[in-house]
Amino acid sequence: MSQTIAHSGAEAHAETVHHHELSFFHKYIWSEDHKTIAIQYLFASFFFLIIGGLLAMGVRYQLAFSGAPIPLIGTLLPKWLVTDAGAIQPQGYNGLVTMHATVMVFLVMMPLLVGVFGNFLIPLKIGAPDMAFPFFNALSFWLFLVSGIILLSSYFAPTGFPAAGWTAYAPLSANGAYNGSQAGQSLWCIGLFLNGLASIAGAVNYITTVINMRAPGMKMFRLPLPVWAIFITSILLLLAVPVLSAAAAMLFFDLNFGTSFFEASHYGQPLLWQHLFWFFGHPEVYILVLPAMGLVSEMLAVFSRKPIFGYKAMVYAMVAIGFLGFIVWGHHMFVSGMNLMLSSTFSLSTMVIAVPSAIKTFNWLGTVWGGSIRFTTPMCFALAFVSMFVIGGLSGIYMASTPVDLFIHHTYFIVAHFHYVIFGGSLFGVFGAIYFWFPKMFGRMMNEFWGKVHFVLSFMFFNLTFFPMHNLGLNGMPRRIADPGLYDFLKSQQPLQIFVSLSAFGLGLSTLIFFVNFFYSMFKGPKAPRNPWNSTTLEWTLPSPPGHGNFPVTPTVYNGPYEYSVPGMDQDFLPQNQPAPKTARLAVH
Amino acid sequence: MSFWRSSFARCGLIVAVLLAGLGTCWADPRTSNLWWLPENATEGGVYIDQLIYFILFLTGAVFVLTQAVYIFFIIKYRAKKGVRATYSHGNNRLEIIWTAIPTAIFIGLWGYSNHLWWDVLHSTPPANALQVGVAAYQFGFSFQYPGADGKLGKADANFVSNDNMFGNDPDDPDAKDNFTSSTLEIPVNRAVHIRLDSKDVIHAFYVPQFRVYQDILPGRIIDWVWFTPTKIGKFQLACSQLCGSGHYNMKADIQVVSEADFEKWYQEKAKAVQPQPGAKLSSITETKDQ
Ligand code: HEM
Ligand SMILES: [Cu+2]
Ligand SMILES: [Cu+2]
């Protein structure tokens with residue numbers, strides 16, 4: 001420990017001044033420094049997370065109290081959304097559901113996982129001065145921001161938000177006369193197209209950087225798992241996102257220029273949209289979870305003070321997920337009306353893709369086994385990730401089975417499923433990662449006590465919100481129904497709907513604790529040392545925050561990423577840039 | 001010590017409040033089917049339920065086992081003064097075991113599921129099955145019955161229009177005596193074979209008690225769904241695929257009645273249809289249900 005921490009203030013200062021002073025504009029607005037871009041992504045995603053969260057609150061309000069005017073702000077809302085009395089109306093509800101999901105997927109989770117942590121961690125962890133294409137990196141962020149503004153701007157259109165679901169099934173989405181929100185749906189296409197360009201620019205950058213810019217000694221099998229995860233994710237992005245972009249362009253043409261790619265009434269193919277969307281959509285769900293798996297693996301190793309159990313198995317499992325992820329998209333379409341034989345084959349590939357997820361889970365158990373576990377806030381979130389991911393993964397098995405999916409497709413069971421993986425999984429992973437890398441990003445520590453409060457409350461409210469949704473779905477509650485009270489077989493569910501909504505409001509409120517802690521700590525938190533968690537990877541050898549250009553001297557890498565508790569050493573971690581002392585008994589593996 | 005006691009008390013209080021909240025969910029006991037699966041009302045549903053219970057058992061066991069081990073590890077291996085973590089990079093034999101076992105289980109489960117998918121749910125419907133056409137539109141359903149001759153006749157998605165919602169072939173005489181209904185009336189214990197088409201966007205045919213779901217596509221007629229109701233009673237058909245501003249209220253009533261009641265209803269409806277020689281089909285399909 002003494003060796004790394006010994007570098008102190010004076011030297012840190014020396015490290016930052018090699019580089020010429022940047023103007024305000026180049027430092028904060030059009031910055032080409034990957035660390036600044038990561039922070040730009042972080043703040044933008046926070047903004048969108050708040051919007052997406054409010055939309056979810058609207059959805060839950062309607063499901064619990066349909067027909068009741070929204071207190072306080074009801075009458076201030078636009079007419080496409082609410083009645084004169086201020087209650088949400090059905091078409092407005094469709095808009096809320098559509099935009100909640102669109103925002104959370106494209107403007108919150110993707111940028112948080114890939115934009116923030118991909119940008120921040122890749123160069124620092126592989127010993128590079130910056131990304132391979134800093135200009136494209138900045139461009140990627142600004143394209144992303146513009147795409148978000150375009151997507152949300154339909155709020156001001158007279159017909160409001162797009163209302164065909166985030167999956168935008170054609171021909172509903174392909175014709176303004178069907179969906180009642182021509183403007184919103186067109187903006188949705190443009191927004192997703194630009195968002196796709198941003199993702200592609202980012203992906204090219206990450207792939208090139210990881211392949212070409214690793215410090216000497218940083219072999220592929222010495223890469224920390226977050227880097228592996230984001231590397232594989234980037235390949236998925238590069239192969240999947242262009243398909244969505246193309247589909248969005250075709251949809252835009254159908255909507256506005258009278259083409260008929262998806263319109264059955266003119267011999268277009270409605271199912272073509274679903275194939276294109278899910279060919280993107282399934283890799284997308286792994287894009288939304290692989291990076292979190294990488295981040296969580298690292299936190300589990302650091303706070304168990306143990307090497308990752310089965311590092312190579314972890315990597316191979318992610319590669320397998322990436323590959324198989326491209327041949328399972330039909331499991332979203334078992335009952336879509338496509339050939340029944342395809343349902344059989346997609347069911348088989350889906351069963352198979354559950355295997356690498358199982359492998360990863362067992363290796364996480366192996367990692368905490370025999371550890372010396374420190375229950376810091378990031379560790380609590382990482383530990384929770386595993387359990388929540390297991391629940392989401394197991395509910396996936398129900399849907400992989402065609403006859404069961406026949407019954408639960410398009411019910412709340414699915415809503416429960418993907419919130420367990422995306423929220424309980426990925427978003428918890430991201431919360432943990434923010435607590436973990438905050439010191440490196442901002443040079444200060446976040447408050448542990450309030451971090452734990454945030455953890456306990458969000459863990460509790462998350463489960464109270466989403467676990468009962470399994471029951472609602474099995475009990476027959478379809479998704480995207482603005483007023484379940486109209487159905488005889490759903491009337492009895494009302495008390496549980498109210499319970500879920502109240503828990504959801506609690507979940508929303510508990511997130512405020514996180515934001516307060518975050519912004520307070522940014523300015524007032526205790527100063528962070530270089531390596532507050534005694535980690536082995538390269539970013540922790542730099543000052544907090546690292547200067548422009550990162551490494552004053554390109555580091556040389558001698559070890560794998562997770563050499564914790566090596567026998568024969570005093571300190572319980574061996575940084576990647578330090579040759580092992582003679583006494584250390586490193587395992588050959 | 002007293003700190004622990006009081007904080008335990010506080011936890012207890014929170015749990016009690018939550019349980020009370022859950023308790024209110026029992027507000028409508030017995031008649032309600034708030035919990036778990038709704039009552040099953042078809043022959044095929046029995047098999048789906050069995051499969052759900054089987055998967056519940058399987059995933060439940062996996063969940064309990066992994067979580068128990070996980071929580072045990074988390075408690076047992078919490079940091080203790082002077083105890084260092086075990087230095088281990090893994091174990092290849094374990095990797096092989098925990099790859100092979102799940103693979104075998106999942107492929108087995110696929111075999112079971114796939115057998116059900118083909119041999120039970122999508123086998124050929126029995127010859128005496130009642131044919132019913134189901135047309136979906138923004139925002140409602142309409143049903144077409146074969147009429148006196150017992151035959152629905154040919155249909156093609158290209159014929160679907162405002163005047164011919166079911167896509168009947170205008171040249172097929174079998175379709176001339178078909179009649180329509182705004183509710184789905186079906187006899188108990190006889191197979192019902194439905195033929196689905198949509199006039200505009202994608203809708204869905206979803207009846208939770210029947211364990212049946214099928215998207216209804218525009219531009220394609222879907223004719224592989226059939227089921228055998230086993231319970232007399234009133235059910236509801238819900239459109240379960242977001243289809244526009246009126247989607248939230250797109251539903252239709254289903255009456256499962258005894259064979260005798262069904263015959264009576266059917267004969268009356270069939271009599272009311274008297275196709276004029278050379279009459280446009282539209283005038284027939286327009287026949288409204290009173
Ligand atoms: C407090 C937090 C949240 C609440 C209460 C919430 C609630 C809901 C509800 C009720 C629906 C279903 C609406 C319907 O179909 O009728 C939904 C859909 C969805 N949510 Fe969330 N959600 C939350 C956070 C998130 C997060 C963090 C994500 C991250 C990606 C997310 C992603 C989605 C997606 C993809 C859908 C699918 C929408 C669709 O296909 O219709 N949600 N959410
Ligand atoms: Cu999928
Ligand atoms: Cu509908």
# chains A, B, ... in the order shown; residues from 1 in each chain; ligands from 1
call {"tool": "residues_near_ligand", "arguments": {"ligand": "ligand 1", "cutoff": "6 Å", "atoms": "only C-alpha atoms and all ligand atoms", "output": "VMD selection string"}}
result
chain A and resid 53 56 to 57 59 to 60 97 to 98 101 104 to 105 109 165 to 166 415 422 to 423 479 to 481 504 507 to 508
call {"tool": "write_last_selection", "arguments": {"atoms": "C-alpha atoms", "output": "mmCIF file, in the first residue's frame"}}
result
data_model
loop_
_atom_site.group_PDB
_atom_site.id
_atom_site.type_symbol
_atom_site.label_atom_id
_atom_site.label_comp_id
_atom_site.auth_asym_id
_atom_site.auth_seq_id
_atom_site.Cartn_x
_atom_site.Cartn_y
_atom_site.Cartn_z
ATOM 1 C CA GLY A 53 -38.453 8.273 -13.521
ATOM 2 C CA ALA A 56 -42.753 5.967 -14.670
ATOM 3 C CA MET A 57 -44.429 7.683 -11.741
ATOM 4 C CA VAL A 59 -47.591 5.287 -15.418
ATOM 5 C CA ARG A 60 -47.904 3.954 -11.884
ATOM 6 C CA VAL A 97 -45.295 4.098 -21.428
ATOM 7 C CA THR A 98 -43.576 4.580 -24.777
ATOM 8 C CA ALA A 101 -39.048 2.937 -21.879
ATOM 9 C CA MET A 104 -34.646 4.600 -19.880
ATOM 10 C CA VAL A 105 -33.147 2.374 -22.551
ATOM 11 C CA MET A 109 -28.924 2.878 -19.347
ATOM 12 C CA GLY A 165 -44.622 1.507 -27.424
ATOM 13 C CA TRP A 166 -40.835 1.562 -27.339
ATOM 14 C CA VAL A 415 -42.406 -6.212 -17.051
ATOM 15 C CA ILE A 422 -32.219 -3.865 -16.067
ATOM 16 C CA PHE A 423 -33.076 -2.059 -12.855
ATOM 17 C CA ARG A 479 -48.961 -4.658 -20.378
ATOM 18 C CA ARG A 480 -49.861 -1.248 -21.718
ATOM 19 C CA ILE A 481 -53.491 -1.181 -20.623
ATOM 20 C CA ALA A 504 -42.776 2.640 -6.819
ATOM 21 C CA LEU A 507 -38.415 3.784 -4.982
ATOM 22 C CA GLY A 508 -38.501 7.088 -6.830
#
call {"tool": "select_by_dssp", "arguments": {"residues": "range 122-255 of chain B", "states": "helix (DSSP H, G or I)", "output": "list in words"}}
result
Ala157, Asn158, Phe159, Pro173, Asp174, Ala175, Pro208, Gln209, Phe210, His247, Tyr248 and Asn249 of chain B
call {"tool": "residues_near_ligand", "arguments": {"ligand": "ligand 2", "cutoff": "7 Å", "atoms": "only C-alpha atoms and all ligand atoms", "output": "VMD selection string"}}
result
chain A and resid 281 to 282 285 328 to 329 331 to 332
call {"tool": "write_last_selection", "arguments": {"atoms": "N, CA, C and O atoms", "output": "short mmCIF file (atom, residue, chain, number, x, y, z; two decimals), in the first residue's frame"}}
result
data_model
loop_
_atom_site.label_atom_id
_atom_site.label_comp_id
_atom_site.auth_asym_id
_atom_site.auth_seq_id
_atom_site.Cartn_x
_atom_site.Cartn_y
_atom_site.Cartn_z
N GLY A 281 -32.89 -5.64 -30.95
CA GLY A 281 -33.39 -5.57 -29.57
C GLY A 281 -32.81 -6.61 -28.65
O GLY A 281 -32.55 -6.34 -27.50
N HIS A 282 -32.60 -7.82 -29.15
CA HIS A 282 -32.05 -8.78 -28.20
C HIS A 282 -30.58 -8.52 -27.86
O HIS A 282 -30.24 -8.44 -26.70
N VAL A 285 -30.46 -5.94 -25.21
CA VAL A 285 -30.65 -6.22 -23.79
C VAL A 285 -29.34 -6.70 -23.17
O VAL A 285 -29.08 -6.46 -21.99
N VAL A 328 -31.12 -15.34 -31.03
CA VAL A 328 -32.26 -15.66 -30.16
C VAL A 328 -33.41 -14.66 -30.31
O VAL A 328 -34.39 -14.74 -29.58
N TRP A 329 -33.29 -13.69 -31.26
CA TRP A 329 -34.25 -12.59 -31.24
C TRP A 329 -35.70 -13.04 -31.37
O TRP A 329 -36.61 -12.39 -30.88
N HIS A 331 -37.31 -15.08 -29.80
CA HIS A 331 -38.07 -15.39 -28.57
C HIS A 331 -38.99 -14.25 -28.16
O HIS A 331 -39.83 -14.42 -27.30
N HIS A 332 -38.82 -13.10 -28.80
CA HIS A 332 -39.80 -12.02 -28.57
C HIS A 332 -41.02 -12.20 -29.47
O HIS A 332 -41.94 -11.40 -29.41
#
call {"tool": "residues_near_ligand", "arguments": {"ligand": "ligand 3", "cutoff": "12 Å", "atoms": "only C-alpha atoms and all ligand atoms", "output": "PyMOL selection string"}}
result
(chain A and resi 90+94+164-165+169+172+178-179+410+478-482) or (chain B and resi 136-141+198+200-206+215-217+237-252)
call {"tool": "select_by_dssp", "arguments": {"residues": "range 1-185 of chain B", "states": "strand (DSSP E)", "output": "PyMOL selection string"}}
result
chain B and resi 130-137+140-145+179-181+184-185
call {"tool": "interface_residues", "arguments": {"of": "chain A", "to": "chain B", "cutoff": "7 Å", "atoms": "only C-alpha atoms", "output": "VMD selection string"}}
result
chain A and resid 90 to 91 164 171 to 172 178 to 179 264 to 265 305 to 310 335 to 337 344 348 351 to 352 355 359 365 368 to 374 394 398 401 to 404 406 to 407 410 471 474 to 476 478 480 to 483 486 492 to 493 495 to 496 499 565 to 566
call {"tool": "write_last_selection", "arguments": {"atoms": "C-alpha atoms", "output": "CSV table (one decimal), in the first residue's frame"}}
result
chain,number,residue,atom,x,y,z
A,90,PRO,CA,-55.6,6.6,-22.5
A,91,GLN,CA,-53.6,8.0,-25.4
A,164,ALA,CA,-46.8,3.0,-30.2
A,171,PRO,CA,-48.2,-0.9,-38.9
A,172,LEU,CA,-49.4,1.0,-35.9
A,178,TYR,CA,-53.4,4.6,-36.8
A,179,ASN,CA,-51.3,5.9,-34.0
A,264,ALA,CA,-49.9,-4.6,-44.8
A,265,SER,CA,-52.6,-2.6,-46.7
A,305,ARG,CA,-10.0,-9.2,-1.6
A,306,LYS,CA,-9.9,-12.2,-3.9
A,307,PRO,CA,-9.0,-12.8,-7.5
A,308,ILE,CA,-12.0,-13.3,-9.8
A,309,PHE,CA,-13.0,-16.9,-9.7
A,310,GLY,CA,-12.6,-18.3,-13.2
A,335,VAL,CA,-46.8,-15.8,-30.7
A,336,SER,CA,-46.4,-13.0,-33.3
A,337,GLY,CA,-47.7,-15.0,-36.1
A,344,SER,CA,-39.2,-24.0,-31.8
A,348,LEU,CA,-33.7,-23.9,-28.2
A,351,MET,CA,-32.4,-22.1,-23.5
A,352,VAL,CA,-28.8,-22.4,-24.5
A,355,VAL,CA,-26.0,-21.3,-19.8
A,359,ILE,CA,-21.8,-19.9,-15.5
A,365,LEU,CA,-20.5,-17.2,-5.9
A,368,VAL,CA,-17.1,-14.3,-2.7
A,369,TRP,CA,-16.3,-17.8,-1.4
A,370,GLY,CA,-13.3,-17.7,1.0
A,371,GLY,CA,-13.2,-14.0,0.7
A,372,SER,CA,-12.6,-11.3,3.3
A,373,ILE,CA,-15.7,-9.3,2.5
A,374,ARG,CA,-15.9,-5.5,3.1
A,394,LEU,CA,-34.8,-17.4,-13.8
A,398,TYR,CA,-40.4,-19.3,-18.1
A,401,SER,CA,-40.5,-22.2,-22.9
A,402,THR,CA,-42.9,-21.6,-25.8
A,403,PRO,CA,-46.1,-23.0,-24.2
A,404,VAL,CA,-45.6,-20.9,-21.1
A,406,LEU,CA,-47.9,-18.5,-25.0
A,407,PHE,CA,-49.7,-17.6,-21.7
A,410,HIS,CA,-47.2,-9.4,-23.1
A,471,ASN,CA,-48.1,-12.3,-9.8
A,474,LEU,CA,-49.4,-14.7,-14.1
A,475,ASN,CA,-52.8,-13.6,-12.9
A,476,GLY,CA,-53.6,-12.1,-16.4
A,478,PRO,CA,-51.6,-7.4,-19.9
A,480,ARG,CA,-49.9,-1.2,-21.7
A,481,ILE,CA,-53.5,-1.2,-20.6
A,482,ALA,CA,-54.4,2.3,-19.4
A,483,ASP,CA,-57.4,1.2,-17.3
A,486,LEU,CA,-62.5,-2.0,-17.3
A,492,SER,CA,-59.7,-8.0,-8.2
A,493,GLN,CA,-56.1,-6.9,-8.8
A,495,PRO,CA,-55.4,-3.5,-4.2
A,496,LEU,CA,-52.1,-5.0,-5.5
A,499,PHE,CA,-49.5,-1.5,-3.3
A,565,SER,CA,-4.3,-11.7,-1.1
A,566,VAL,CA,-1.3,-13.2,-2.9
call {"tool": "atom_distance", "arguments": {"atom1": "CA of Tyr487 in chain A", "atom2": "CA of Gly233 in chain B"}}
result
15.7 Å
call {"tool": "residues_around", "arguments": {"residues": "Phe389 in chain A", "least_positions_apart": "4", "cutoff": "9 Å", "atoms": "only C-alpha atoms", "output": "PDB file with C-alpha atoms, in the first residue's frame"}}
result
ATOM      1  CA  THR A 361     -23.480 -16.561 -11.528  1.00  0.00           C
ATOM      2  CA  ALA A 384     -27.476  -7.187  -4.723  1.00  0.00           C
ATOM      3  CA  PHE A 385     -26.845  -7.204  -8.462  1.00  0.00           C
ATOM      4  CA  GLY A 393     -32.553 -14.726 -15.328  1.00  0.00           C
ATOM      5  CA  LEU A 394     -34.755 -17.426 -13.829  1.00  0.00           C
ATOM      6  CA  TYR A 420     -35.171  -7.323 -12.478  1.00  0.00           C
ATOM      7  CA  VAL A 421     -32.399  -7.493 -15.039  1.00  0.00           C
ATOM      8  CA  ILE A 422     -32.219  -3.865 -16.067  1.00  0.00           C
ATOM      9  CA  GLY A 424     -32.244  -4.537 -10.086  1.00  0.00           C
ATOM     10  CA  GLY A 425     -29.359  -5.718 -12.214  1.00  0.00           C
ATOM     11  CA  SER A 426     -27.796  -3.049 -14.368  1.00  0.00           C
TER      12      SER A 426
END
call {"tool": "atom_distance", "arguments": {"atom1": "CA of Lys219 in chain A", "atom2": "CA of Ile126 in chain A"}}
result
9.5 Å
call {"tool": "atom_distance", "arguments": {"atom1": "CA of Tyr41 in chain A", "atom2": "CA of Gly506 in chain A"}}
result
26.4 Å
call {"tool": "residues_around", "arguments": {"residues": "Gly525 in chain A", "least_positions_apart": "5", "cutoff": "12 Å", "atoms": "only C-alpha atoms", "output": "count of residues only"}}
result
14
call {"tool": "closest_residue", "arguments": {"among": "A:Gly202, A:Pro78, A:Gly432, A:Pro561", "to": "Tyr311 in chain A", "atoms": "only C-alpha atoms"}}
result
A:Pro561
call {"tool": "residues_around", "arguments": {"residues": "Ile186 in chain B", "least_positions_apart": "3", "cutoff": "12 Å", "atoms": "only C-alpha atoms", "output": "PyMOL selection string"}}
result
chain B and resi 129-132+143-145+181+183+189-194+227-235+253-266
